file protein-v2.cif (mmCIF, C-alpha atoms and all ligand atoms)
data_entry
#
loop_
_atom_site.label_atom_id
_atom_site.label_comp_id
_atom_site.auth_asym_id
_atom_site.auth_seq_id
_atom_site.Cartn_x
_atom_site.Cartn_y
_atom_site.Cartn_z
CA MET V 1 -8.72 33.31 -1.95
CA GLU V 2 -8.49 32.38 1.69
CA THR V 3 -7.57 28.75 2.31
CA ILE V 4 -9.64 27.06 5.03
CA ILE V 5 -7.52 24.74 7.19
CA ARG V 6 -9.43 22.19 9.30
CA GLU V 7 -8.18 19.37 11.47
CA TYR V 8 -9.71 15.93 11.05
CA ASN V 9 -9.01 12.96 13.26
CA ALA V 10 -10.49 9.77 11.83
CA ASP V 11 -10.70 8.25 15.33
CA HIS V 12 -13.07 11.07 16.37
CA PRO V 13 -14.62 12.00 13.03
CA ASP V 14 -16.13 15.46 12.64
CA ALA V 15 -18.75 15.08 9.91
CA ALA V 16 -18.92 18.86 9.41
CA VAL V 17 -15.36 18.89 8.03
CA MET V 18 -16.23 16.24 5.44
CA GLN V 19 -19.47 18.00 4.53
CA GLN V 20 -17.64 21.25 3.86
CA ALA V 21 -14.92 19.49 1.84
CA GLY V 22 -17.51 17.53 -0.14
CA GLN V 23 -19.39 20.71 -1.05
CA ILE V 24 -16.19 22.31 -2.30
CA LEU V 25 -15.27 19.26 -4.40
CA ARG V 26 -18.74 18.93 -5.94
CA ALA V 27 -18.65 22.64 -6.84
CA GLY V 28 -15.35 22.15 -8.72
CA GLY V 29 -13.06 23.50 -5.96
CA LEU V 30 -9.81 22.09 -4.56
CA VAL V 31 -9.23 20.32 -1.24
CA ALA V 32 -5.83 19.06 -0.06
CA PHE V 33 -6.02 15.92 2.08
CA PRO V 34 -3.72 13.32 3.61
CA THR V 35 -3.16 9.89 2.12
CA GLU V 36 -0.86 7.22 3.55
CA THR V 37 1.86 8.23 1.02
CA VAL V 38 1.88 12.07 0.88
CA TYR V 39 -0.73 14.87 0.99
CA GLY V 40 -2.74 15.11 -2.24
CA LEU V 41 -4.36 18.12 -3.92
CA GLY V 42 -7.85 16.91 -4.81
CA GLY V 43 -10.44 17.99 -7.34
CA ASP V 44 -13.36 16.27 -9.11
CA ALA V 45 -11.64 13.93 -11.60
CA LEU V 46 -14.61 14.03 -13.98
CA ASN V 47 -14.73 17.84 -14.06
CA PRO V 48 -12.19 19.24 -16.55
CA GLU V 49 -12.31 22.68 -14.91
CA ALA V 50 -11.35 21.21 -11.55
CA SER V 51 -8.38 19.45 -13.16
CA ALA V 52 -7.33 22.68 -14.84
CA LYS V 53 -7.39 24.37 -11.42
CA ILE V 54 -5.10 21.68 -9.99
CA TYR V 55 -2.49 22.33 -12.69
CA ALA V 56 -2.75 26.08 -12.16
CA ALA V 57 -2.44 25.90 -8.36
CA LYS V 58 0.65 23.67 -8.51
CA GLY V 59 2.23 25.29 -11.57
CA ARG V 60 2.28 21.76 -12.99
CA PRO V 61 3.05 21.12 -16.69
CA SER V 62 -0.24 20.19 -18.38
CA ASP V 63 1.17 16.99 -19.92
CA ASN V 64 1.71 15.48 -16.47
CA PRO V 65 -1.38 13.37 -15.74
CA LEU V 66 -3.20 13.14 -12.39
CA ILE V 67 -3.94 10.01 -10.36
CA VAL V 68 -7.64 9.33 -9.74
CA HIS V 69 -8.44 8.24 -6.17
CA ILE V 70 -11.36 5.92 -5.47
CA ALA V 71 -12.92 4.38 -2.35
CA ASP V 72 -14.44 1.27 -3.95
CA LYS V 73 -12.82 -1.19 -6.37
CA ASN V 74 -15.93 -1.26 -8.54
CA ALA V 75 -15.13 2.29 -9.64
CA LEU V 76 -12.56 0.66 -11.96
CA LYS V 77 -15.46 -0.35 -14.21
CA VAL V 78 -16.62 3.26 -14.40
CA LEU V 79 -13.22 4.84 -14.99
CA SER V 80 -11.67 2.26 -17.35
CA SER V 81 -13.03 1.04 -20.69
CA ASP V 82 -11.21 -2.28 -20.31
CA VAL V 83 -10.07 -3.28 -16.81
CA PRO V 84 -7.18 -5.76 -17.17
CA ASP V 85 -7.60 -9.06 -15.26
CA MET V 86 -4.38 -8.31 -13.44
CA ALA V 87 -5.85 -5.09 -12.08
CA TRP V 88 -8.47 -7.03 -10.13
CA LYS V 89 -5.82 -9.37 -8.78
CA LEU V 90 -3.53 -6.53 -7.72
CA ALA V 91 -6.44 -4.59 -6.24
CA ASP V 92 -7.41 -7.62 -4.15
CA HIS V 93 -3.88 -7.80 -2.73
CA PHE V 94 -2.75 -4.20 -2.39
CA TRP V 95 -5.86 -2.00 -2.13
CA PRO V 96 -6.54 0.01 -0.20
CA GLY V 97 -2.86 0.94 -0.30
CA PRO V 98 0.05 2.70 -2.03
CA LEU V 99 -0.31 1.16 -5.50
CA THR V 100 -1.42 3.10 -8.59
CA MET V 101 -2.43 1.20 -11.73
CA ILE V 102 -2.48 2.52 -15.29
CA MET V 103 -5.19 1.20 -17.64
CA PRO V 104 -7.25 2.35 -20.64
CA LYS V 105 -9.48 5.26 -19.69
CA ALA V 106 -13.26 5.35 -20.11
CA ASP V 107 -14.83 8.17 -22.13
CA ILE V 108 -16.16 9.93 -19.03
CA VAL V 109 -12.62 10.64 -17.80
CA PRO V 110 -11.65 13.98 -19.34
CA ARG V 111 -8.28 14.37 -21.09
CA GLN V 112 -7.55 17.32 -18.79
CA THR V 113 -7.28 14.77 -15.98
CA THR V 114 -5.08 12.33 -17.91
CA GLY V 115 -2.70 14.93 -19.36
CA GLY V 116 -4.05 14.18 -22.83
CA LEU V 117 -3.45 10.40 -22.59
CA ASP V 118 -5.89 7.58 -23.43
CA THR V 119 -4.93 5.85 -20.20
CA VAL V 120 -5.85 6.66 -16.62
CA ALA V 121 -3.97 6.15 -13.34
CA ILE V 122 -6.15 4.87 -10.48
CA ARG V 123 -5.48 4.25 -6.80
CA MET V 124 -7.50 3.40 -3.70
CA PRO V 125 -5.73 4.95 -0.70
CA SER V 126 -5.83 3.36 2.76
CA HIS V 127 -5.65 6.54 4.86
CA PRO V 128 -8.97 6.78 6.73
CA THR V 129 -9.29 10.53 6.05
CA ALA V 130 -8.79 10.00 2.30
CA TYR V 131 -11.25 7.12 2.30
CA GLU V 132 -13.89 9.13 4.13
CA LEU V 133 -13.45 12.14 1.87
CA ILE V 134 -13.85 10.12 -1.35
CA ARG V 135 -16.76 8.10 0.03
CA SER V 136 -18.72 10.93 1.62
CA SER V 137 -18.19 13.44 -1.21
CA GLY V 138 -19.33 10.96 -3.83
CA VAL V 139 -16.59 12.29 -6.11
CA TYR V 140 -13.72 10.43 -7.79
CA ILE V 141 -10.82 12.60 -6.69
CA ALA V 142 -8.00 13.51 -9.06
CA ALA V 143 -5.02 14.27 -6.82
CA PRO V 144 -1.37 14.84 -7.50
CA SER V 145 0.93 15.61 -4.58
CA ALA V 146 -0.12 18.87 -2.88
CA ASN V 147 3.15 20.74 -3.41
CA THR V 148 4.24 23.46 -5.79
CA SER V 149 5.50 21.61 -8.88
CA GLY V 150 9.19 20.71 -8.52
CA ARG V 151 9.33 21.02 -4.71
CA PRO V 152 9.53 18.03 -2.34
CA SER V 153 6.12 16.39 -1.84
CA PRO V 154 4.28 17.40 1.35
CA THR V 155 4.14 14.99 4.29
CA THR V 156 2.36 17.41 6.67
CA ALA V 157 -0.49 19.91 6.29
CA GLN V 158 2.01 22.67 7.15
CA HIS V 159 4.06 21.74 4.07
CA VAL V 160 0.89 22.05 1.96
CA ALA V 161 0.01 25.41 3.49
CA GLY V 162 3.56 26.67 2.91
CA ASP V 163 3.25 25.93 -0.81
CA LEU V 164 -0.42 26.45 -1.63
CA SER V 165 -2.04 28.81 0.91
CA GLY V 166 -4.21 31.33 -0.91
CA ARG V 167 -4.33 29.14 -4.06
CA ILE V 168 -6.70 26.37 -2.96
CA ASP V 169 -10.03 26.25 -1.09
CA MET V 170 -9.28 23.94 1.80
CA ILE V 171 -6.67 21.79 3.56
CA ILE V 172 -7.67 18.86 5.76
CA ASP V 173 -5.02 18.36 8.45
CA SER V 174 -4.69 14.84 9.88
CA GLY V 175 -1.07 15.20 10.96
CA LYS V 176 2.04 13.62 9.48
CA VAL V 177 1.55 10.91 6.85
CA ASP V 178 2.74 7.37 7.33
CA ILE V 179 4.90 6.31 4.35
CA GLY V 180 6.25 9.62 3.10
CA LEU V 181 6.98 8.62 -0.54
CA GLU V 182 4.51 8.63 -3.42
CA SER V 183 2.73 5.44 -4.53
CA THR V 184 4.27 2.75 -6.71
CA ILE V 185 2.92 3.19 -10.26
CA VAL V 186 2.46 0.07 -12.37
CA ASP V 187 1.45 0.21 -16.03
CA LEU V 188 -0.95 -2.60 -16.99
CA THR V 189 -1.44 -1.63 -20.63
CA GLY V 190 1.38 -3.80 -22.01
CA GLU V 191 1.96 -7.54 -21.97
CA VAL V 192 4.14 -7.47 -18.83
CA PRO V 193 3.24 -5.13 -15.94
CA THR V 194 5.85 -2.38 -15.75
CA ILE V 195 6.78 -0.22 -12.78
CA LEU V 196 6.89 3.42 -13.89
CA ARG V 197 7.66 4.82 -10.43
CA PRO V 198 9.08 2.78 -7.52
CA GLY V 199 7.38 3.08 -4.14
CA TYR V 200 6.47 1.24 -0.97
CA ILE V 201 5.03 -1.72 -2.93
CA THR V 202 8.17 -3.29 -4.37
CA LYS V 203 8.80 -5.26 -7.56
CA LYS V 204 9.13 -8.42 -5.49
CA MET V 205 5.78 -7.87 -3.78
CA LEU V 206 4.09 -7.40 -7.16
CA GLU V 207 5.80 -10.47 -8.63
CA GLU V 208 4.49 -12.63 -5.83
CA VAL V 209 0.98 -11.82 -7.07
CA VAL V 210 1.22 -11.56 -10.87
CA GLY V 211 4.51 -13.21 -11.86
CA ARG V 212 6.98 -11.35 -14.04
CA VAL V 213 7.15 -7.56 -13.60
CA GLU V 214 9.49 -5.14 -15.35
CA ILE V 215 10.82 -1.73 -14.37
CA ASP V 216 10.78 1.18 -16.84
CA LYS V 217 14.41 1.40 -17.96
CA ALA V 218 14.36 5.17 -17.96
CA ILE V 219 14.00 5.27 -14.17
CA LEU V 220 16.57 2.58 -13.43
CA SER V 221 19.62 4.45 -14.62
CA ASP V 222 21.19 6.89 -12.20
CA LYS V 223 22.43 9.02 -15.09
CA GLU V 224 20.24 11.29 -17.16
CA ASP V 225 19.94 9.61 -20.52
CA PRO V 226 18.32 11.73 -23.24
CA ASN V 227 17.53 8.55 -25.22
CA LEU V 228 15.41 7.07 -22.46
CA ARG V 229 12.06 8.74 -21.96
CA PRO V 230 10.16 7.72 -18.81
CA LYS V 231 6.68 6.30 -19.51
CA ALA V 232 5.20 8.27 -16.59
CA PRO V 233 5.36 11.83 -17.92
CA GLY V 234 5.93 13.21 -14.41
CA MET V 235 9.15 11.23 -13.97
CA LYS V 236 10.99 13.28 -16.57
CA TYR V 237 10.85 16.51 -14.59
CA LYS V 238 13.43 17.67 -12.07
CA HIS V 239 11.59 17.09 -8.88
CA TYR V 240 11.74 17.09 -5.10
CA ALA V 241 14.69 19.44 -5.25
CA PRO V 242 15.69 21.64 -2.33
CA LYS V 243 16.89 25.17 -3.18
CA GLY V 244 20.43 24.38 -2.07
CA ASP V 245 22.63 22.30 -4.34
CA LEU V 246 22.35 18.62 -3.33
CA VAL V 247 25.07 16.05 -4.07
CA ILE V 248 24.99 12.35 -3.13
CA VAL V 249 28.24 10.73 -1.93
CA GLU V 250 28.33 6.97 -2.41
CA GLY V 251 30.75 4.33 -1.12
CA PRO V 252 31.89 2.65 2.12
CA ALA V 253 30.84 4.58 5.25
CA ASP V 254 34.39 5.58 6.27
CA ALA V 255 35.29 6.89 2.84
CA VAL V 256 31.96 8.73 2.48
CA ALA V 257 32.44 10.47 5.84
CA ALA V 258 36.03 11.42 5.00
CA LYS V 259 34.99 12.89 1.65
CA ILE V 260 32.01 14.79 3.03
CA ASN V 261 34.09 16.17 5.93
CA GLU V 262 36.75 17.35 3.50
CA LEU V 263 34.13 19.11 1.35
CA THR V 264 32.17 20.72 4.20
CA ASP V 265 35.35 21.83 6.03
CA GLU V 266 36.42 23.64 2.90
CA LEU V 267 33.01 25.28 2.30
CA GLU V 268 32.56 26.31 5.90
CA GLY V 269 36.04 27.80 5.74
CA GLN V 270 34.65 30.04 2.96
CA ASN V 271 31.52 30.79 5.02
CA VAL V 272 29.23 28.82 2.71
CA LYS V 273 26.31 27.41 4.67
CA CYS V 274 26.26 23.66 4.12
CA ALA V 275 24.57 20.60 5.58
CA VAL V 276 24.90 16.82 5.68
CA ILE V 277 22.07 14.30 5.37
CA ALA V 278 23.21 11.32 7.44
CA SER V 279 21.83 8.03 8.66
CA GLN V 280 21.52 7.60 12.41
CA GLU V 281 24.16 4.86 12.29
CA ASN V 282 26.78 7.24 10.83
CA ILE V 283 25.74 10.63 12.15
CA ASP V 284 28.64 10.95 14.62
CA ARG V 285 31.20 10.74 11.82
CA TYR V 286 30.52 14.23 10.42
CA HIS V 287 32.07 17.62 11.35
CA ALA V 288 29.70 20.04 9.61
CA GLY V 289 27.74 22.56 11.66
CA CYS V 290 24.43 21.19 10.35
CA VAL V 291 24.01 17.42 10.22
CA MET V 292 20.46 16.10 9.75
CA ASN V 293 19.40 12.64 10.86
CA ILE V 294 17.30 11.13 8.07
CA GLY V 295 16.54 7.85 9.87
CA GLN V 296 18.03 4.42 10.34
CA ARG V 297 19.65 2.31 7.63
CA SER V 298 18.37 -0.71 9.54
CA ASN V 299 14.83 0.67 9.11
CA GLU V 300 14.44 2.17 5.63
CA GLU V 301 10.82 3.03 6.35
CA SER V 302 12.11 5.69 8.74
CA ILE V 303 14.25 7.17 5.96
CA ALA V 304 11.31 7.23 3.52
CA ALA V 305 9.14 8.92 6.15
CA ASN V 306 11.68 11.70 6.83
CA LEU V 307 13.16 12.34 3.38
CA TYR V 308 10.89 15.15 2.13
CA ALA V 309 10.67 16.90 5.50
CA VAL V 310 14.49 16.95 5.68
CA LEU V 311 14.75 18.38 2.14
CA ARG V 312 12.22 21.09 3.00
CA GLU V 313 14.04 21.90 6.22
CA MET V 314 17.18 22.57 4.17
CA ASP V 315 15.25 25.37 2.45
CA ASP V 316 14.02 26.75 5.77
CA LEU V 317 17.60 26.84 7.06
CA GLY V 318 18.86 28.58 3.92
CA VAL V 319 21.49 25.92 3.25
CA ARG V 320 23.42 26.43 -0.01
CA LYS V 321 25.22 23.10 -0.36
CA ILE V 322 23.99 19.70 0.83
CA TYR V 323 25.81 16.38 0.88
CA SER V 324 23.81 13.22 1.42
CA GLU V 325 24.74 9.64 2.11
CA SER V 326 23.49 7.09 -0.42
CA PHE V 327 21.07 4.26 0.47
CA SER V 328 20.64 0.63 -0.51
CA GLY V 329 18.68 0.80 -3.75
CA GLN V 330 16.91 -2.49 -2.94
CA GLY V 331 13.24 -2.87 -1.98
CA LEU V 332 12.00 0.39 -0.45
CA GLY V 333 15.57 1.68 -0.92
CA ALA V 334 14.90 1.72 -4.69
CA ALA V 335 12.15 4.28 -4.15
CA ILE V 336 14.28 6.32 -1.74
CA MET V 337 17.21 6.45 -4.18
CA ASN V 338 14.92 7.26 -7.12
CA ARG V 339 13.65 10.40 -5.31
CA LEU V 340 17.04 11.35 -3.86
CA ILE V 341 18.82 11.09 -7.24
CA LYS V 342 16.15 13.30 -8.83
CA ALA V 343 16.42 15.80 -5.98
CA ALA V 344 20.18 15.87 -6.59
CA GLY V 345 19.73 16.41 -10.32
CA HIS V 346 21.83 13.22 -10.80
CA GLN V 347 24.93 14.62 -9.06
CA ILE V 348 26.73 11.68 -7.42
CA ILE V 349 30.31 11.47 -6.15
CA ARG V 350 31.62 7.89 -5.88
CA VAL V 351 34.38 7.24 -3.33
CA GLN V 352 36.37 4.13 -2.36
CA ASP V 353 38.36 3.03 0.67
P1 LIG V 401 1.90 12.84 -8.41
O1 LIG V 401 0.46 12.59 -8.14
O2 LIG V 401 2.34 14.23 -8.22
O3 LIG V 401 2.71 11.86 -7.65
O4 LIG V 401 2.08 12.52 -9.95
C1 LIG V 401 1.40 11.47 -10.58
C2 LIG V 401 2.35 10.62 -11.35
O5 LIG V 401 1.59 9.62 -12.04
C3 LIG V 401 3.15 11.37 -12.40
O6 LIG V 401 4.50 10.91 -12.41
C4 LIG V 401 2.44 10.99 -13.67
O7 LIG V 401 3.27 11.09 -14.79
C5 LIG V 401 1.98 9.57 -13.40
N1 LIG V 401 0.82 9.20 -14.21
C6 LIG V 401 -0.46 9.57 -14.00
N2 LIG V 401 -1.27 9.10 -14.97
C7 LIG V 401 -0.49 8.40 -15.81
C8 LIG V 401 -0.74 7.68 -17.04
N3 LIG V 401 -1.95 7.58 -17.55
N4 LIG V 401 0.32 7.10 -17.64
C9 LIG V 401 1.56 7.19 -17.11
N5 LIG V 401 1.85 7.86 -15.97
C10 LIG V 401 0.85 8.46 -15.33
MG MG V 402 4.14 15.03 -7.32
#

call {"tool": "encode", "arguments": {"input": "protein-v2.cif", "output": "structure tokens"}}
result
Amino acid sequence: METIIREYNADHPDAAVMQQAGQILRAGGLVAFPTETVYGLGGDALNPEASAKIYAAKGRPSDNPLIVHIADKNALKVLSSDVPDMAWKLADHFWPGPLTMIMPKADIVPRQTTGGLDTVAIRMPSHPTAYELIRSSGVYIAAPSANTSGRPSPTTAQHVAGDLSGRIDMIIDSGKVDIGLESTIVDLTGEVPTILRPGYITKKMLEEVVGRVEIDKAILSDKEDPNLRPKAPGMKYKHYAPKGDLVIVEGPADAVAAKINELTDELEGQNVKCAVIASQENIDRYHAGCVMNIGQRSNEESIAANLYAVLREMDDLGVRKIYSESFSGQGLGAAIMNRLIKAAGHQIIRVQD
């Protein structure tokens, strides 16, 4: 199959692009499109064959459910058999935006879309291209990240094409996304709302609206614990990983730089291609031949926006060993560290002064 790639600029909308994409979606085909978090791979959420195609194109395990994207809050009543009161409150505050809510599914949502679960994940994205695609196609769009399963999520249309060209019908290119990390997922099926995946919307932001919020214990720990099973099936898989071996080095900046320099000096001495992922504040401390600036510690949004592109670039450069600084773990930093620790397969070196 040849993948059609078309640019779309929401400031100068080209209705023909949306018409073509809408036709593909209504016919059960797949269209990748930008959201404010990452690029998504969309199909008709109510068409089980379209969902099956999404899993096949990504090589995604079939027990890993898809998020359904909507353009109007009232779709909650169609997609859920019992919309929790809190969902309306959270939707009023955070939609359109990077928050996904889990609730009981309605019968019309096929189990192929929900990975066999009785619950459904729903989000209303704020990216104008995503909004226009959902609205004009008239389709509720099931869309996981538009990457090959296990690879870093795509933040540009070129990343999508690199992974999925020839496997999907169309890619809508609206340039680089804004946030760069997947949505916060909050489960509303229990008594207390529980974060299953950290993201741009933080625990504190949610608590300001609905009071107490918990975080799924399985995603809090930085060690792999076989006794803790994440409630979001997708969170149990190794994910976002570059091909080179990634290790996080954590501690005071001086000690981290000294340790990383020692390790990269040794590897480069053996002709092993290695790289360092560094914050702008500390970038001058490193010796290695390849040092990548991931953004500013003083502006964690810049780190979130660059993370996946930096991990993908490591693959393009053919790097075999990667050392990364560690980040705060608070607020947006919690989402950054969650993805980085998974990308590193939980390999962390702790150093002290
Ligand atoms: P992705 O769209 O690639 O970011 O993946 C969607 C994420 O949402 C995965 O981690 C899924 O496990 C999670 N998810 C989707 N639906 C549900 C659900 N009904 N219950 C729990 N987690 C879900
Ligand atoms: Mg994904």

call {"tool": "residues_near_ligand", "arguments": {"input": "protein-v2.cif", "ligand": "ligand MG 402 (chain V)", "cutoff": "8 Å", "atoms": "all atoms listed in the file", "output": "list in words"}}
result
Pro144, Ser145, Ala146, Asn147, Ser149, Gly150, Pro152, Ser153, Glu182, Gly234 and His239 of chain V

call {"tool": "write_last_selection", "arguments": {"input": "protein-v2.cif", "atoms": "C-alpha atoms", "output": "PDB file, in the coordinates of the input"}}
result
ATOM      1  CA  PRO V 144      -1.370  14.840  -7.500  1.00  0.00           C
ATOM      2  CA  SER V 145       0.930  15.610  -4.580  1.00  0.00           C
ATOM      3  CA  ALA V 146      -0.120  18.870  -2.880  1.00  0.00           C
ATOM      4  CA  ASN V 147       3.150  20.740  -3.410  1.00  0.00           C
ATOM      5  CA  SER V 149       5.500  21.610  -8.880  1.00  0.00           C
ATOM      6  CA  GLY V 150       9.190  20.710  -8.520  1.00  0.00           C
ATOM      7  CA  PRO V 152       9.530  18.030  -2.340  1.00  0.00           C
ATOM      8  CA  SER V 153       6.120  16.390  -1.840  1.00  0.00           C
ATOM      9  CA  GLU V 182       4.510   8.630  -3.420  1.00  0.00           C
ATOM     10  CA  GLY V 234       5.930  13.210 -14.410  1.00  0.00           C
ATOM     11  CA  HIS V 239      11.590  17.090  -8.880  1.00  0.00           C
TER      12      HIS V 239
END

call {"tool": "atom_distance", "arguments": {"input": "protein-v2.cif", "atom1": "CA of Arg320 in chain V", "atom2": "CA of Gln270 in chain V"}}
result
12.2 Å

call {"tool": "residues_near_point", "arguments": {"input": "protein-v2.cif", "point": "(4.2, -2.4, -16.2)", "cutoff": "12 Å", "atoms": "all atoms listed in the file", "output": "mmCIF file with C-alpha atoms, in the coordinates of the input"}}
result
data_model
loop_
_atom_site.group_PDB
_atom_site.id
_atom_site.type_symbol
_atom_site.label_atom_id
_atom_site.label_comp_id
_atom_site.auth_asym_id
_atom_site.auth_seq_id
_atom_site.Cartn_x
_atom_site.Cartn_y
_atom_site.Cartn_z
ATOM 1 C CA PRO V 84 -7.180 -5.760 -17.170
ATOM 2 C CA MET V 86 -4.380 -8.310 -13.440
ATOM 3 C CA ALA V 87 -5.850 -5.090 -12.080
ATOM 4 C CA THR V 100 -1.420 3.100 -8.590
ATOM 5 C CA MET V 101 -2.430 1.200 -11.730
ATOM 6 C CA ILE V 102 -2.480 2.520 -15.290
ATOM 7 C CA MET V 103 -5.190 1.200 -17.640
ATOM 8 C CA THR V 184 4.270 2.750 -6.710
ATOM 9 C CA ILE V 185 2.920 3.190 -10.260
ATOM 10 C CA VAL V 186 2.460 0.070 -12.370
ATOM 11 C CA ASP V 187 1.450 0.210 -16.030
ATOM 12 C CA LEU V 188 -0.950 -2.600 -16.990
ATOM 13 C CA THR V 189 -1.440 -1.630 -20.630
ATOM 14 C CA GLY V 190 1.380 -3.800 -22.010
ATOM 15 C CA GLU V 191 1.960 -7.540 -21.970
ATOM 16 C CA VAL V 192 4.140 -7.470 -18.830
ATOM 17 C CA PRO V 193 3.240 -5.130 -15.940
ATOM 18 C CA THR V 194 5.850 -2.380 -15.750
ATOM 19 C CA ILE V 195 6.780 -0.220 -12.780
ATOM 20 C CA LEU V 196 6.890 3.420 -13.890
ATOM 21 C CA ARG V 197 7.660 4.820 -10.430
ATOM 22 C CA PRO V 198 9.080 2.780 -7.520
ATOM 23 C CA LYS V 203 8.800 -5.260 -7.560
ATOM 24 C CA LEU V 206 4.090 -7.400 -7.160
ATOM 25 C CA GLU V 207 5.800 -10.470 -8.630
ATOM 26 C CA VAL V 210 1.220 -11.560 -10.870
ATOM 27 C CA GLY V 211 4.510 -13.210 -11.860
ATOM 28 C CA ARG V 212 6.980 -11.350 -14.040
ATOM 29 C CA VAL V 213 7.150 -7.560 -13.600
ATOM 30 C CA GLU V 214 9.490 -5.140 -15.350
ATOM 31 C CA ILE V 215 10.820 -1.730 -14.370
ATOM 32 C CA ASP V 216 10.780 1.180 -16.840
ATOM 33 C CA LYS V 217 14.410 1.400 -17.960
ATOM 34 C CA LYS V 231 6.680 6.300 -19.510
ATOM 35 C CA ALA V 232 5.200 8.270 -16.590
#

call {"tool": "atom_distance", "arguments": {"input": "protein-v2.cif", "atom1": "CA of Ser302 in chain V", "atom2": "CA of Tyr39 in chain V"}}
result
17.6 Å

call {"tool": "atom_distance", "arguments": {"input": "protein-v2.cif", "atom1": "CA of Val177 in chain V", "atom2": "CA of Arg297 in chain V"}}
result
20.1 Å

call {"tool": "residues_around", "arguments": {"input": "protein-v2.cif", "residues": "range 242-244 of chain V", "least_positions_apart": "5", "cutoff": "12 Å", "atoms": "all atoms listed in the file", "output": "number ranges by chain"}}
result
V: 150-153, 272-276, 307-323, 339-340, 342-345

call {"tool": "residues_near_point", "arguments": {"input": "protein-v2.cif", "point": "(27.0, 10.0, 3.3)", "cutoff": "12 Å", "atoms": "only C-alpha atoms", "output": "PyMOL selection string"}}
result
chain V and resi 246-261+263-264+275-286+291-294+297+322-328+348-351

call {"tool": "closest_residue", "arguments": {"input": "protein-v2.cif", "among": "V:Leu41, V:Val160, V:Met124, V:Ala335", "to": "ligand LIG 401 (chain V)", "atoms": "only C-alpha atoms and all ligand atoms"}}
result
V:Leu41

call {"tool": "residues_around", "arguments": {"input": "protein-v2.cif", "residues": "Val38 in chain V", "least_positions_apart": "4", "cutoff": "6 Å", "atoms": "only C-alpha atoms", "output": "list of chain:residue names"}}
result
V:Pro154, V:Thr155, V:Gly180

call {"tool": "residues_around", "arguments": {"input": "protein-v2.cif", "residues": "Glu300 in chain V", "least_positions_apart": "3", "cutoff": "7 Å", "atoms": "all atoms listed in the file", "output": "list in words"}}
result
Gln296, Arg297, Ile303, Ala304, Leu332 and Gly333 of chain V

call {"tool": "residues_around", "arguments": {"input": "protein-v2.cif", "residues": "Gly28 in chain V", "least_positions_apart": "4", "cutoff": "8 Å", "atoms": "all atoms listed in the file", "output": "list in words"}}
result
Ile24, Gly43, Asp44, Asn47, Glu49 and Ala50 of chain V

call {"tool": "residues_around", "arguments": {"input": "protein-v2.cif", "residues": "Tyr55 in chain V", "least_positions_apart": "5", "cutoff": "10 Å", "atoms": "all atoms listed in the file", "output": "count of residues only"}}
result
15

call {"tool": "closest_residue", "arguments": {"input": "protein-v2.cif", "among": "V:Ile201, V:Gly42, V:Gly289, V:Gln330", "to": "ligand LIG 401 (chain V)", "atoms": "all atoms listed in the file"}}
result
V:Gly42

call {"tool": "closest_residue", "arguments": {"input": "protein-v2.cif", "among": "V:Lys89, V:Lys58, V:His287, V:Lys53", "to": "ligand LIG 401 (chain V)", "atoms": "only C-alpha atoms and all ligand atoms"}}
result
V:Lys58

call {"tool": "closest_residue", "arguments": {"input": "protein-v2.cif", "among": "V:Gly295, V:Gly138, V:Gly166, V:Pro110", "to": "ligand LIG 401 (chain V)", "atoms": "all atoms listed in the file"}}
result
V:Pro110

call {"tool": "closest_residue", "arguments": {"input": "protein-v2.cif", "among": "V:Ala143, V:Ala305, V:Ala52, V:Ala161", "to": "ligand LIG 401 (chain V)", "atoms": "only C-alpha atoms and all ligand atoms"}}
result
V:Ala143

call {"tool": "closest_residue", "arguments": {"input": "protein-v2.cif", "among": "V:Arg26, V:His12, V:Arg229, V:Arg6", "to": "ligand LIG 401 (chain V)", "atoms": "only C-alpha atoms and all ligand atoms"}}
result
V:Arg229

call {"tool": "axis_aligned_box", "arguments": {"input": "protein-v2.cif", "around": "range 258-275 of chain V", "padding_each_side": "4 Å", "output": "JSON"}}
result
{"center_x": 30.7, "center_y": 21.1, "center_z": 3.7, "size_x": 20.2, "size_y": 27.4, "size_z": 12.7}

call {"tool": "build_atoms", "arguments": {"input": "protein-v2.cif", "residues": "range 118-124 of chain V", "atoms": "N, CA and C atoms", "output": "PDB file, in the coordinates of the input"}}
result
ATOM      1  N   ASP V 118      -4.723   8.465 -23.347  1.00  0.00           N
ATOM      2  CA  ASP V 118      -5.890   7.580 -23.430  1.00  0.00           C
ATOM      3  C   ASP V 118      -5.944   6.604 -22.257  1.00  0.00           C
ATOM      4  N   THR V 119      -4.970   6.723 -21.361  1.00  0.00           N
ATOM      5  CA  THR V 119      -4.930   5.850 -20.200  1.00  0.00           C
ATOM      6  C   THR V 119      -5.210   6.675 -18.946  1.00  0.00           C
ATOM      7  N   VAL V 120      -5.583   5.966 -17.881  1.00  0.00           N
ATOM      8  CA  VAL V 120      -5.850   6.660 -16.620  1.00  0.00           C
ATOM      9  C   VAL V 120      -5.137   5.937 -15.480  1.00  0.00           C
ATOM     10  N   ALA V 121      -4.642   6.704 -14.521  1.00  0.00           N
ATOM     11  CA  ALA V 121      -3.970   6.150 -13.340  1.00  0.00           C
ATOM     12  C   ALA V 121      -4.971   6.142 -12.195  1.00  0.00           C
ATOM     13  N   ILE V 122      -5.117   4.992 -11.528  1.00  0.00           N
ATOM     14  CA  ILE V 122      -6.150   4.870 -10.480  1.00  0.00           C
ATOM     15  C   ILE V 122      -5.538   4.250  -9.219  1.00  0.00           C
ATOM     16  N   ARG V 123      -5.963   4.786  -8.080  1.00  0.00           N
ATOM     17  CA  ARG V 123      -5.480   4.250  -6.800  1.00  0.00           C
ATOM     18  C   ARG V 123      -6.573   4.345  -5.749  1.00  0.00           C
ATOM     19  N   MET V 124      -6.589   3.364  -4.846  1.00  0.00           N
ATOM     20  CA  MET V 124      -7.500   3.400  -3.700  1.00  0.00           C
ATOM     21  C   MET V 124      -6.659   3.523  -2.447  1.00  0.00           C
TER      22      MET V 124
END
